[in-house]
>>> print(open('upload.txt').read())   # compact mmCIF, C-alpha atoms and all ligand atoms
# COMPACT_ATOMS: atom_id res chain seq x y z
CA MET L 1 20.23 -12.01 13.30
CA ASP L 2 16.83 -13.25 14.53
CA GLY L 3 18.91 -15.53 16.74
CA SER L 4 20.62 -15.44 20.08
CA TYR L 5 22.58 -12.57 21.57
CA ASP L 6 24.49 -14.96 23.82
CA ARG L 7 27.72 -14.59 21.85
CA ILE L 8 27.93 -10.81 22.14
CA ALA L 9 26.38 -10.49 25.63
CA PRO L 10 29.73 -10.00 27.44
CA ILE L 11 30.74 -7.08 25.19
CA TYR L 12 27.31 -5.67 24.35
CA ASP L 13 27.41 -2.76 26.81
CA LEU L 14 30.92 -1.83 25.69
CA ILE L 15 29.99 -1.74 21.98
CA ASP L 16 26.96 0.38 22.81
CA LEU L 17 28.67 2.74 25.25
CA PRO L 18 29.19 5.84 23.04
CA PHE L 19 25.61 5.72 21.73
CA GLU L 20 24.27 5.05 25.21
CA TRP L 21 25.94 8.17 26.60
CA LEU L 22 25.25 10.42 23.66
CA TYR L 23 21.70 9.45 22.78
CA TYR L 24 19.99 6.40 24.25
CA ARG L 25 20.08 7.35 27.92
CA ASN L 26 18.23 10.60 27.25
CA MET L 27 15.58 8.71 25.30
CA ARG L 28 15.28 6.12 28.07
CA LYS L 29 15.04 8.82 30.74
CA ARG L 30 12.33 10.66 28.85
CA TRP L 31 10.12 7.76 27.75
CA ILE L 32 10.70 5.04 30.33
CA GLY L 33 11.22 7.51 33.18
CA SER L 34 7.84 9.14 32.60
CA LEU L 35 5.81 5.94 33.14
CA ARG L 36 3.86 5.79 36.40
CA LYS L 37 1.62 3.11 37.89
CA GLN L 38 1.74 0.93 34.79
CA LYS L 39 1.86 -2.81 34.45
CA VAL L 40 4.76 -3.01 32.00
CA LEU L 41 5.93 -5.82 29.73
CA GLU L 42 9.44 -5.15 28.46
CA ILE L 43 10.37 -7.26 25.44
CA GLY L 44 14.06 -7.98 24.77
CA VAL L 45 15.35 -6.41 27.99
CA GLY L 46 18.90 -7.33 26.95
CA THR L 47 21.47 -6.31 29.56
CA GLY L 48 18.79 -4.30 31.38
CA LYS L 49 19.61 -0.76 30.29
CA ASN L 50 16.05 0.47 30.86
CA LEU L 51 15.71 -1.04 34.32
CA GLY L 52 17.14 1.87 36.27
CA TYR L 53 14.67 4.29 34.68
CA TYR L 54 11.45 2.60 35.82
CA HIS L 55 9.63 4.40 38.61
CA PRO L 56 8.86 2.20 41.66
CA SER L 57 5.12 2.65 41.03
CA ASN L 58 5.36 0.47 37.90
CA LYS L 59 5.14 -3.31 38.01
CA VAL L 60 7.53 -4.60 35.37
CA THR L 61 8.03 -8.00 33.75
CA ALA L 62 11.08 -7.91 31.48
CA ILE L 63 11.69 -10.80 29.11
CA ASP L 64 14.45 -11.95 26.82
CA ARG L 65 15.29 -15.06 24.84
CA SER L 66 19.05 -14.82 25.46
CA ARG L 67 20.20 -16.28 28.76
CA GLY L 68 23.54 -14.48 28.35
CA MET L 69 21.88 -11.06 28.12
CA LEU L 70 19.47 -11.90 30.97
CA ALA L 71 22.38 -12.87 33.24
CA ILE L 72 23.83 -9.35 32.86
CA ALA L 73 20.38 -7.78 33.38
CA ALA L 74 20.06 -9.85 36.58
CA LYS L 75 23.32 -8.39 37.95
CA ARG L 76 22.10 -4.89 37.12
CA LEU L 77 18.77 -5.54 38.79
CA LYS L 78 20.46 -6.85 41.94
CA LYS L 79 22.36 -3.58 42.27
CA LEU L 80 19.15 -1.59 41.74
CA ARG L 81 17.27 -3.56 44.44
CA ALA L 82 14.04 -2.91 42.55
CA SER L 83 11.52 -5.42 43.86
CA ASN L 84 8.88 -4.15 41.39
CA ILE L 85 10.83 -5.62 38.43
CA LYS L 86 11.14 -9.27 37.53
CA LEU L 87 13.06 -10.92 34.70
CA SER L 88 11.71 -13.83 32.71
CA TYR L 89 13.32 -16.09 30.12
CA GLN L 90 10.93 -16.53 27.19
CA ALA L 91 12.62 -18.33 24.33
CA ASP L 92 9.75 -18.85 21.93
CA LEU L 93 6.30 -17.64 21.05
CA PRO L 94 3.75 -17.84 22.56
CA TRP L 95 4.96 -16.26 25.80
CA SER L 96 3.64 -17.76 29.02
CA LEU L 97 2.67 -14.40 30.52
CA PRO L 98 -0.50 -12.63 31.67
CA GLN L 99 -2.64 -10.71 29.18
CA ASP L 100 -3.33 -7.57 31.16
CA PHE L 101 -0.28 -5.35 30.63
CA THR L 102 -1.02 -1.65 30.20
CA VAL L 103 2.30 -0.74 28.53
CA ALA L 104 4.78 -2.74 26.43
CA VAL L 105 8.32 -1.50 25.89
CA ALA L 106 10.59 -2.70 23.07
CA THR L 107 13.79 -0.68 22.76
CA PHE L 108 16.11 -1.64 19.89
CA VAL L 109 14.44 -5.03 19.66
CA LEU L 110 11.93 -5.07 16.80
CA CYS L 111 14.56 -3.63 14.42
CA THR L 112 16.73 -6.71 15.11
CA MET L 113 14.07 -8.96 13.55
CA GLN L 114 13.73 -9.45 9.82
CA ASN L 115 10.01 -9.98 10.39
CA PRO L 116 8.70 -8.41 13.61
CA LEU L 117 5.03 -9.08 12.81
CA PRO L 118 4.61 -12.34 14.82
CA VAL L 119 6.17 -10.62 17.87
CA LEU L 120 3.94 -7.57 17.41
CA GLU L 121 0.93 -9.85 17.27
CA GLU L 122 2.08 -11.58 20.46
CA ILE L 123 2.58 -8.19 22.18
CA GLY L 124 -1.00 -7.33 21.18
CA LEU L 125 -2.26 -10.48 22.91
CA HIS L 126 -0.64 -9.48 26.20
CA LEU L 127 -1.70 -5.82 26.18
CA LYS L 128 -5.06 -4.63 27.46
CA SER L 129 -7.13 -2.83 24.87
CA GLY L 130 -6.09 0.84 24.89
CA GLY L 131 -2.64 -0.27 26.09
CA LYS L 132 0.47 1.34 24.62
CA LEU L 133 3.58 0.00 22.98
CA ILE L 134 6.71 2.17 23.21
CA ILE L 135 9.31 1.45 20.51
CA PHE L 136 12.86 2.70 20.02
CA GLU L 137 14.23 1.53 16.72
CA PHE L 138 16.86 2.16 14.07
CA GLY L 139 15.47 3.11 10.68
CA ARG L 140 16.48 4.35 7.26
CA SER L 141 17.67 7.94 7.57
CA ASN L 142 15.97 10.51 5.35
CA ARG L 143 19.31 12.26 4.99
CA PRO L 144 21.04 10.98 1.83
CA PHE L 145 24.57 11.04 3.27
CA LEU L 146 23.55 9.17 6.41
CA PHE L 147 21.58 6.66 4.40
CA LYS L 148 24.81 5.96 2.47
CA VAL L 149 26.61 5.43 5.79
CA GLU L 150 23.83 3.07 6.91
CA LYS L 151 24.11 1.14 3.63
CA ALA L 152 27.88 0.84 4.13
CA ILE L 153 27.60 -0.55 7.67
CA ASN L 154 24.53 -2.67 6.93
CA PRO L 155 26.39 -6.00 6.46
CA LEU L 156 28.05 -5.54 9.87
CA THR L 157 24.95 -4.40 11.78
CA LYS L 158 22.96 -7.26 10.25
CA LYS L 159 25.55 -9.83 11.27
CA LEU L 160 26.22 -8.47 14.77
CA PHE L 161 22.79 -7.27 15.88
CA GLY L 162 20.26 -8.28 13.21
CA VAL L 163 19.65 -4.59 12.38
CA ASP L 164 18.95 -4.23 8.66
CA PHE L 165 18.69 -0.61 7.51
CA ASP L 166 17.20 -1.79 4.22
CA ARG L 167 14.20 -3.20 6.05
CA LYS L 168 11.02 -1.13 6.35
CA PRO L 169 10.62 0.49 9.81
CA THR L 170 8.19 -1.42 12.03
CA ILE L 171 5.75 1.50 12.11
CA GLU L 172 5.28 1.03 8.36
CA MET L 173 4.36 -2.63 8.85
CA LEU L 174 1.60 -2.25 11.45
CA GLY L 175 -1.65 -3.97 10.56
CA SER L 176 -5.12 -3.13 11.78
CA GLY L 177 -5.62 -3.06 15.52
CA TRP L 178 -2.84 -0.54 16.16
CA SER L 179 -2.83 3.27 15.93
CA ILE L 180 0.29 5.38 15.92
CA GLN L 181 0.11 8.07 18.61
CA SER L 182 3.47 9.75 18.10
CA ILE L 183 6.78 9.37 16.29
CA ASN L 184 9.98 11.26 17.15
CA TRP L 185 13.15 10.96 15.08
CA ASN L 186 16.56 11.28 16.78
CA LEU L 187 20.24 10.99 15.89
CA LYS L 188 19.83 12.77 12.56
CA ASP L 189 16.87 10.60 11.61
CA MET L 190 18.63 7.30 12.24
CA ILE L 191 16.63 6.33 15.34
CA TYR L 192 12.97 6.86 16.05
CA GLN L 193 10.83 6.56 19.12
CA ALA L 194 7.14 5.77 18.64
CA VAL L 195 4.10 5.28 20.84
CA ILE L 196 1.53 2.91 19.36
CA GLN L 197 -1.85 2.16 20.88
CA LYS L 198 -3.65 -1.14 20.79
CA ASP L 199 -7.22 -0.36 19.69
C1 LIG L 201 19.75 -4.98 20.58
S1 LIG L 201 19.30 -5.80 22.06
C2 LIG L 201 18.43 -4.48 22.90
C3 LIG L 201 18.47 -4.63 24.38
C4 LIG L 201 17.72 -3.55 25.19
N1 LIG L 201 16.32 -3.55 24.89
C5 LIG L 201 18.31 -2.16 25.02
O1 LIG L 201 17.54 -1.20 24.83
O2 LIG L 201 19.54 -2.02 25.14
C6 LIG L 201 17.98 -6.86 21.54
C7 LIG L 201 17.54 -7.85 22.61
O3 LIG L 201 16.27 -8.40 22.24
C8 LIG L 201 16.28 -9.79 22.50
N2 LIG L 201 15.27 -10.44 21.63
C9 LIG L 201 15.25 -10.48 20.28
N3 LIG L 201 14.17 -11.15 19.85
C10 LIG L 201 13.49 -11.53 20.95
C11 LIG L 201 12.27 -12.26 21.17
N4 LIG L 201 11.55 -12.74 20.15
N5 LIG L 201 11.85 -12.46 22.43
C12 LIG L 201 12.58 -11.99 23.48
N6 LIG L 201 13.74 -11.32 23.34
C13 LIG L 201 14.18 -11.09 22.10
C14 LIG L 201 17.72 -10.22 22.22
O4 LIG L 201 18.04 -11.45 22.85
C15 LIG L 201 18.49 -9.03 22.79
O5 LIG L 201 18.78 -9.20 24.15
>>> encode(input="upload.txt", output="structure tokens", more="lines below")
Ligand SMILES: C[S@@+](CC[C@H](N)C(=O)[O-])C[C@H]1O[C@@H](n2cnc3c(N)ncnc32)[C@H](O)[C@@H]1O
Amino acid sequence: MDGSYDRIAPIYDLIDLPFEWLYYRNMRKRWIGSLRKQKVLEIGVGTGKNLGYYHPSNKVTAIDRSRGMLAIAAKRLKKLRASNIKLSYQADLPWSLPQDFTVAVATFVLCTMQNPLPVLEEIGLHLKSGGKLIIFEFGRSNRPFLFKVEKAINPLTKKLFGVDFDRKPTIEMLGSGWSIQSINWNLKDMIYQAVIQKD
């Protein structure tokens, strides 16, 4: 889509509900929940599904370019009463944000972009050297049957969310300046989680 999520914001959580309960929440708990004492930049916070997993010792700035998604994240944040998290509307690059984050988080965001490289470059500018980027992303499954399923739903996922299963995974597009620390595949190789370090 590479555009705005405003249209689907009111139903986004509903569409995502089965996957959230079956898979995503465990991934969020494990990877977001383990962060401590980090200065975190969350890119594409959406409706704020990661917000409840951040430990109070983190200082989090969570951005999005959809006001509709941010409005739902704001309601979630109000309920959480987490004063260590702030939301910020950032429509375009470059982002007007500090350049000293120790961790960046992008869950199901980079895979919604046909070309994530400018955003990756921008993330690099705001991370300290040695800082880490945590990605959750949909990718092409290595299992032939599931790849067929992905191909079949591709027109819909592209239109609704911008997710194109034909596109190379972001971890295969990284240029110099980044090193992959770990990759874990989930949901029968349809989703991966990666930790990437800025050199
Ligand atoms: C599929 S949703 C994922 C939301 C959330 N991260 C999650 O895990 O549920 C993608 C979100 O990324 C946002 N987004 C996409 N490109 C962006 C960009 N360049 N800057 C900021 N937000 C962006 C969209 O507006 C949308 O809210």
>>> closest_atom_pairs(input="upload.txt", of="chain L", to="ligand LIG 201 (chain L)", cutoff="6 Å", atoms="all atoms listed in the file", output="JSON lines")
{"residue": "L:Ser4", "atom": "CA", "partner": "L:LIG201", "partner_atom": "O4", "distance": 5.5}
{"residue": "L:Tyr5", "atom": "CA", "partner": "L:LIG201", "partner_atom": "O4", "distance": 4.8}
{"residue": "L:Ile43", "atom": "CA", "partner": "L:LIG201", "partner_atom": "C12", "distance": 5.6}
{"residue": "L:Gly44", "atom": "CA", "partner": "L:LIG201", "partner_atom": "O3", "distance": 3.4}
{"residue": "L:Val45", "atom": "CA", "partner": "L:LIG201", "partner_atom": "N1", "distance": 4.3}
{"residue": "L:Gly46", "atom": "CA", "partner": "L:LIG201", "partner_atom": "O5", "distance": 3.4}
{"residue": "L:Lys49", "atom": "CA", "partner": "L:LIG201", "partner_atom": "O2", "distance": 5.3}
{"residue": "L:Ile63", "atom": "CA", "partner": "L:LIG201", "partner_atom": "C12", "distance": 5.8}
{"residue": "L:Asp64", "atom": "CA", "partner": "L:LIG201", "partner_atom": "N6", "distance": 3.6}
{"residue": "L:Arg65", "atom": "CA", "partner": "L:LIG201", "partner_atom": "C12", "distance": 4.3}
{"residue": "L:Ser66", "atom": "CA", "partner": "L:LIG201", "partner_atom": "O4", "distance": 4.4}
{"residue": "L:Met69", "atom": "CA", "partner": "L:LIG201", "partner_atom": "O5", "distance": 5.4}
{"residue": "L:Thr107", "atom": "CA", "partner": "L:LIG201", "partner_atom": "O1", "distance": 4.3}
{"residue": "L:Phe108", "atom": "CA", "partner": "L:LIG201", "partner_atom": "C2", "distance": 4.7}
{"residue": "L:Val109", "atom": "CA", "partner": "L:LIG201", "partner_atom": "C6", "distance": 4.4}
>>> residues_around(input="upload.txt", residues="Phe161 in chain L", least_positions_apart="3", cutoff="10 Å", atoms="only C-alpha atoms", output="ChimeraX atom specification")
/L:1-5,8,12,108-109,111-113,156-158,164
>>> closest_residue(input="upload.txt", among="L:Thr170, L:Asn142, L:Ser57, L:Asn154", to="Met190 in chain L", atoms="all atoms listed in the file")
L:Asn142
>>> closest_residue(input="upload.txt", among="L:Lys39, L:Arg76, L:Arg67, L:Lys86", to="Leu133 in chain L", atoms="all atoms listed in the file")
L:Lys39
>>> atom_distance(input="upload.txt", atom1="CA of Gln114 in chain L", atom2="CA of Gly33 in chain L")
29.0 Å
>>> residues_near_point(input="upload.txt", point="(19.5, 9.8, 5.5)", cutoff="12 Å", atoms="only C-alpha atoms", output="list of chain:residue names")
L:Phe138, L:Gly139, L:Arg140, L:Ser141, L:Asn142, L:Arg143, L:Pro144, L:Phe145, L:Leu146, L:Phe147, L:Lys148, L:Val149, L:Glu150, L:Lys151, L:Phe165, L:Asp166, L:Trp185, L:Asn186, L:Leu187, L:Lys188, L:Asp189, L:Met190, L:Ile191
>>> atom_distance(input="upload.txt", atom1="CA of Ala104 in chain L", atom2="CA of Ser129 in chain L")
12.0 Å
>>> residues_around(input="upload.txt", residues="Lys37 in chain L", least_positions_apart="5", cutoff="9 Å", atoms="all atoms listed in the file", output="VMD selection string")
chain L and resid 55 to 59
>>> write_last_selection(input="upload.txt", atoms="C-alpha atoms", output="CSV table (one decimal), in the frame of the given file")
chain,number,residue,atom,x,y,z
L,55,HIS,CA,9.6,4.4,38.6
L,56,PRO,CA,8.9,2.2,41.7
L,57,SER,CA,5.1,2.6,41.0
L,58,ASN,CA,5.4,0.5,37.9
L,59,LYS,CA,5.1,-3.3,38.0
>>> atom_distance(input="upload.txt", atom1="CA of Arg167 in chain L", atom2="CA of Ile153 in chain L")
13.8 Å
>>> closest_residue(input="upload.txt", among="L:Glu42, L:Ala152, L:Ser176, L:Lys132", to="Ala194 in chain L", atoms="all atoms listed in the file")
L:Lys132
>>> closest_residue(input="upload.txt", among="L:Lys78, L:Thr102, L:Gly175, L:Leu22", to="Val60 in chain L", atoms="all atoms listed in the file")
L:Thr102
>>> closest_residue(input="upload.txt", among="L:Ala9, L:Leu14, L:Leu125, L:Val105", to="Ala62 in chain L", atoms="all atoms listed in the file")
L:Val105
>>> closest_atom_pairs(input="upload.txt", of="range 121-186 of chain L", to="range 91-95 of chain L", cutoff="12 Å", atoms="all atoms listed in the file", output="tab-separated table")
residue	atom	partner	partner_atom	distance
L:Glu121	CA	L:Pro94	CA	10.0
L:Glu122	CA	L:Pro94	CA	6.8
L:Ile123	CA	L:Trp95	CA	9.2
L:Gly124	CA	L:Pro94	CA	11.6
L:Leu125	CA	L:Pro94	CA	9.5
L:His126	CA	L:Trp95	CA	8.8
>>> closest_residue(input="upload.txt", among="L:Val103, L:Asn84, L:Asn26, L:Asn115", to="Gly162 in chain L", atoms="all atoms listed in the file")
L:Asn115
>>> axis_aligned_box(input="upload.txt", around="range 13-16 of chain L", padding_each_side="4 Å", output="AutoDock Vina command-line options")
--center_x 28.9 --center_y -1.2 --center_z 24.4 --size_x 12.0 --size_y 11.1 --size_z 12.8
>>> residues_near_point(input="upload.txt", point="(-8.7, 2.0, 18.3)", cutoff="7 Å", atoms="only C-alpha atoms", output="ChimeraX atom specification")
/L:177-179,198-199
>>> build_atoms(input="upload.txt", residues="range 135-146 of chain L", atoms="all heavy atoms", output="PDB file, in the frame of the given file")
ATOM      1  N   ILE L 135       8.224   2.035  21.327  1.00  0.00           N
ATOM      2  CA  ILE L 135       9.310   1.450  20.510  1.00  0.00           C
ATOM      3  C   ILE L 135      10.454   2.447  20.387  1.00  0.00           C
ATOM      4  O   ILE L 135      10.220   3.628  20.149  1.00  0.00           O
ATOM      5  CB  ILE L 135       8.815   1.199  19.058  1.00  0.00           C
ATOM      6  CG1 ILE L 135       7.677   0.204  19.005  1.00  0.00           C
ATOM      7  CG2 ILE L 135       9.940   0.719  18.170  1.00  0.00           C
ATOM      8  CD1 ILE L 135       7.197  -0.052  17.570  1.00  0.00           C
ATOM      9  N   PHE L 136      11.691   1.957  20.521  1.00  0.00           N
ATOM     10  CA  PHE L 136      12.860   2.700  20.020  1.00  0.00           C
ATOM     11  C   PHE L 136      13.417   1.795  18.926  1.00  0.00           C
ATOM     12  O   PHE L 136      13.546   0.582  19.140  1.00  0.00           O
ATOM     13  CB  PHE L 136      13.984   2.848  21.038  1.00  0.00           C
ATOM     14  CG  PHE L 136      13.676   3.646  22.266  1.00  0.00           C
ATOM     15  CD1 PHE L 136      14.620   3.725  23.286  1.00  0.00           C
ATOM     16  CD2 PHE L 136      12.492   4.328  22.445  1.00  0.00           C
ATOM     17  CE1 PHE L 136      14.391   4.441  24.445  1.00  0.00           C
ATOM     18  CE2 PHE L 136      12.248   5.057  23.603  1.00  0.00           C
ATOM     19  CZ  PHE L 136      13.204   5.107  24.603  1.00  0.00           C
ATOM     20  N   GLU L 137      13.784   2.384  17.812  1.00  0.00           N
ATOM     21  CA  GLU L 137      14.230   1.530  16.720  1.00  0.00           C
ATOM     22  C   GLU L 137      15.130   2.286  15.751  1.00  0.00           C
ATOM     23  O   GLU L 137      14.934   3.472  15.530  1.00  0.00           O
ATOM     24  CB  GLU L 137      12.991   1.006  15.984  1.00  0.00           C
ATOM     25  CG  GLU L 137      13.270   0.227  14.748  1.00  0.00           C
ATOM     26  CD  GLU L 137      12.051  -0.509  14.221  1.00  0.00           C
ATOM     27  OE1 GLU L 137      11.680  -1.519  14.806  1.00  0.00           O
ATOM     28  OE2 GLU L 137      11.484  -0.067  13.213  1.00  0.00           O
ATOM     29  N   PHE L 138      16.085   1.570  15.157  1.00  0.00           N
ATOM     30  CA  PHE L 138      16.860   2.160  14.070  1.00  0.00           C
ATOM     31  C   PHE L 138      16.028   2.103  12.797  1.00  0.00           C
ATOM     32  O   PHE L 138      15.254   1.182  12.588  1.00  0.00           O
ATOM     33  CB  PHE L 138      18.161   1.366  13.834  1.00  0.00           C
ATOM     34  CG  PHE L 138      19.235   1.744  14.797  1.00  0.00           C
ATOM     35  CD1 PHE L 138      19.484   0.986  15.921  1.00  0.00           C
ATOM     36  CD2 PHE L 138      19.975   2.890  14.576  1.00  0.00           C
ATOM     37  CE1 PHE L 138      20.467   1.360  16.824  1.00  0.00           C
ATOM     38  CE2 PHE L 138      20.965   3.278  15.473  1.00  0.00           C
ATOM     39  CZ  PHE L 138      21.201   2.507  16.592  1.00  0.00           C
ATOM     40  N   GLY L 139      16.193   3.110  11.953  1.00  0.00           N
ATOM     41  CA  GLY L 139      15.470   3.110  10.680  1.00  0.00           C
ATOM     42  C   GLY L 139      16.294   3.776   9.604  1.00  0.00           C
ATOM     43  O   GLY L 139      17.377   4.312   9.879  1.00  0.00           O
ATOM     44  N   ARG L 140      15.776   3.724   8.390  1.00  0.00           N
ATOM     45  CA  ARG L 140      16.480   4.350   7.260  1.00  0.00           C
ATOM     46  C   ARG L 140      16.445   5.865   7.433  1.00  0.00           C
ATOM     47  O   ARG L 140      15.377   6.452   7.567  1.00  0.00           O
ATOM     48  CB  ARG L 140      15.754   4.009   5.960  1.00  0.00           C
ATOM     49  CG  ARG L 140      15.981   2.599   5.512  1.00  0.00           C
ATOM     50  CD  ARG L 140      15.189   2.321   4.278  1.00  0.00           C
ATOM     51  NE  ARG L 140      13.748   2.473   4.506  1.00  0.00           N
ATOM     52  CZ  ARG L 140      12.809   1.963   3.737  1.00  0.00           C
ATOM     53  NH1 ARG L 140      13.152   1.287   2.675  1.00  0.00           N
ATOM     54  NH2 ARG L 140      11.536   2.130   3.998  1.00  0.00           N
ATOM     55  N   SER L 141      17.634   6.483   7.421  1.00  0.00           N
ATOM     56  CA  SER L 141      17.670   7.940   7.570  1.00  0.00           C
ATOM     57  C   SER L 141      17.156   8.620   6.305  1.00  0.00           C
ATOM     58  O   SER L 141      17.393   8.150   5.196  1.00  0.00           O
ATOM     59  CB  SER L 141      19.101   8.388   7.852  1.00  0.00           C
ATOM     60  OG  SER L 141      19.141   9.788   7.930  1.00  0.00           O
ATOM     61  N   ASN L 142      16.448   9.725   6.510  1.00  0.00           N
ATOM     62  CA  ASN L 142      15.970  10.510   5.350  1.00  0.00           C
ATOM     63  C   ASN L 142      17.080  11.371   4.783  1.00  0.00           C
ATOM     64  O   ASN L 142      16.895  12.013   3.759  1.00  0.00           O
ATOM     65  CB  ASN L 142      14.827  11.437   5.784  1.00  0.00           C
ATOM     66  CG  ASN L 142      13.636  10.627   6.204  1.00  0.00           C
ATOM     67  OD1 ASN L 142      13.340   9.610   5.585  1.00  0.00           O
ATOM     68  ND2 ASN L 142      12.963  11.051   7.267  1.00  0.00           N
ATOM     69  N   ARG L 143      18.207  11.430   5.469  1.00  0.00           N
ATOM     70  CA  ARG L 143      19.310  12.260   4.990  1.00  0.00           C
ATOM     71  C   ARG L 143      20.204  11.419   4.080  1.00  0.00           C
ATOM     72  O   ARG L 143      20.743  10.395   4.527  1.00  0.00           O
ATOM     73  CB  ARG L 143      20.105  12.811   6.163  1.00  0.00           C
ATOM     74  CG  ARG L 143      19.181  13.545   7.119  1.00  0.00           C
ATOM     75  CD  ARG L 143      19.934  14.278   8.154  1.00  0.00           C
ATOM     76  NE  ARG L 143      19.009  14.796   9.155  1.00  0.00           N
ATOM     77  CZ  ARG L 143      19.276  15.798   9.959  1.00  0.00           C
ATOM     78  NH1 ARG L 143      20.435  16.397   9.918  1.00  0.00           N
ATOM     79  NH2 ARG L 143      18.393  16.215  10.838  1.00  0.00           N
ATOM     80  N   PRO L 144      20.353  11.835   2.814  1.00  0.00           N
ATOM     81  CA  PRO L 144      21.040  10.980   1.830  1.00  0.00           C
ATOM     82  C   PRO L 144      22.428  10.527   2.275  1.00  0.00           C
ATOM     83  O   PRO L 144      22.771   9.352   2.134  1.00  0.00           O
ATOM     84  CB  PRO L 144      21.119  11.864   0.575  1.00  0.00           C
ATOM     85  CG  PRO L 144      19.996  12.832   0.736  1.00  0.00           C
ATOM     86  CD  PRO L 144      19.819  13.056   2.208  1.00  0.00           C
ATOM     87  N   PHE L 145      23.222  11.450   2.879  1.00  0.00           N
ATOM     88  CA  PHE L 145      24.570  11.040   3.270  1.00  0.00           C
ATOM     89  C   PHE L 145      24.512   9.944   4.337  1.00  0.00           C
ATOM     90  O   PHE L 145      25.218   8.937   4.276  1.00  0.00           O
ATOM     91  CB  PHE L 145      25.390  12.249   3.773  1.00  0.00           C
ATOM     92  CG  PHE L 145      26.711  11.832   4.351  1.00  0.00           C
ATOM     93  CD1 PHE L 145      27.740  11.385   3.526  1.00  0.00           C
ATOM     94  CD2 PHE L 145      26.931  11.831   5.731  1.00  0.00           C
ATOM     95  CE1 PHE L 145      28.952  10.956   4.057  1.00  0.00           C
ATOM     96  CE2 PHE L 145      28.138  11.401   6.267  1.00  0.00           C
ATOM     97  CZ  PHE L 145      29.149  10.969   5.419  1.00  0.00           C
ATOM     98  N   LEU L 146      23.632  10.153   5.316  1.00  0.00           N
ATOM     99  CA  LEU L 146      23.550   9.170   6.410  1.00  0.00           C
ATOM    100  C   LEU L 146      22.989   7.844   5.926  1.00  0.00           C
ATOM    101  O   LEU L 146      23.372   6.775   6.416  1.00  0.00           O
ATOM    102  CB  LEU L 146      22.713   9.722   7.553  1.00  0.00           C
ATOM    103  CG  LEU L 146      23.465  10.782   8.346  1.00  0.00           C
ATOM    104  CD1 LEU L 146      22.556  11.478   9.324  1.00  0.00           C
ATOM    105  CD2 LEU L 146      24.635  10.152   9.096  1.00  0.00           C
TER     106      LEU L 146
END
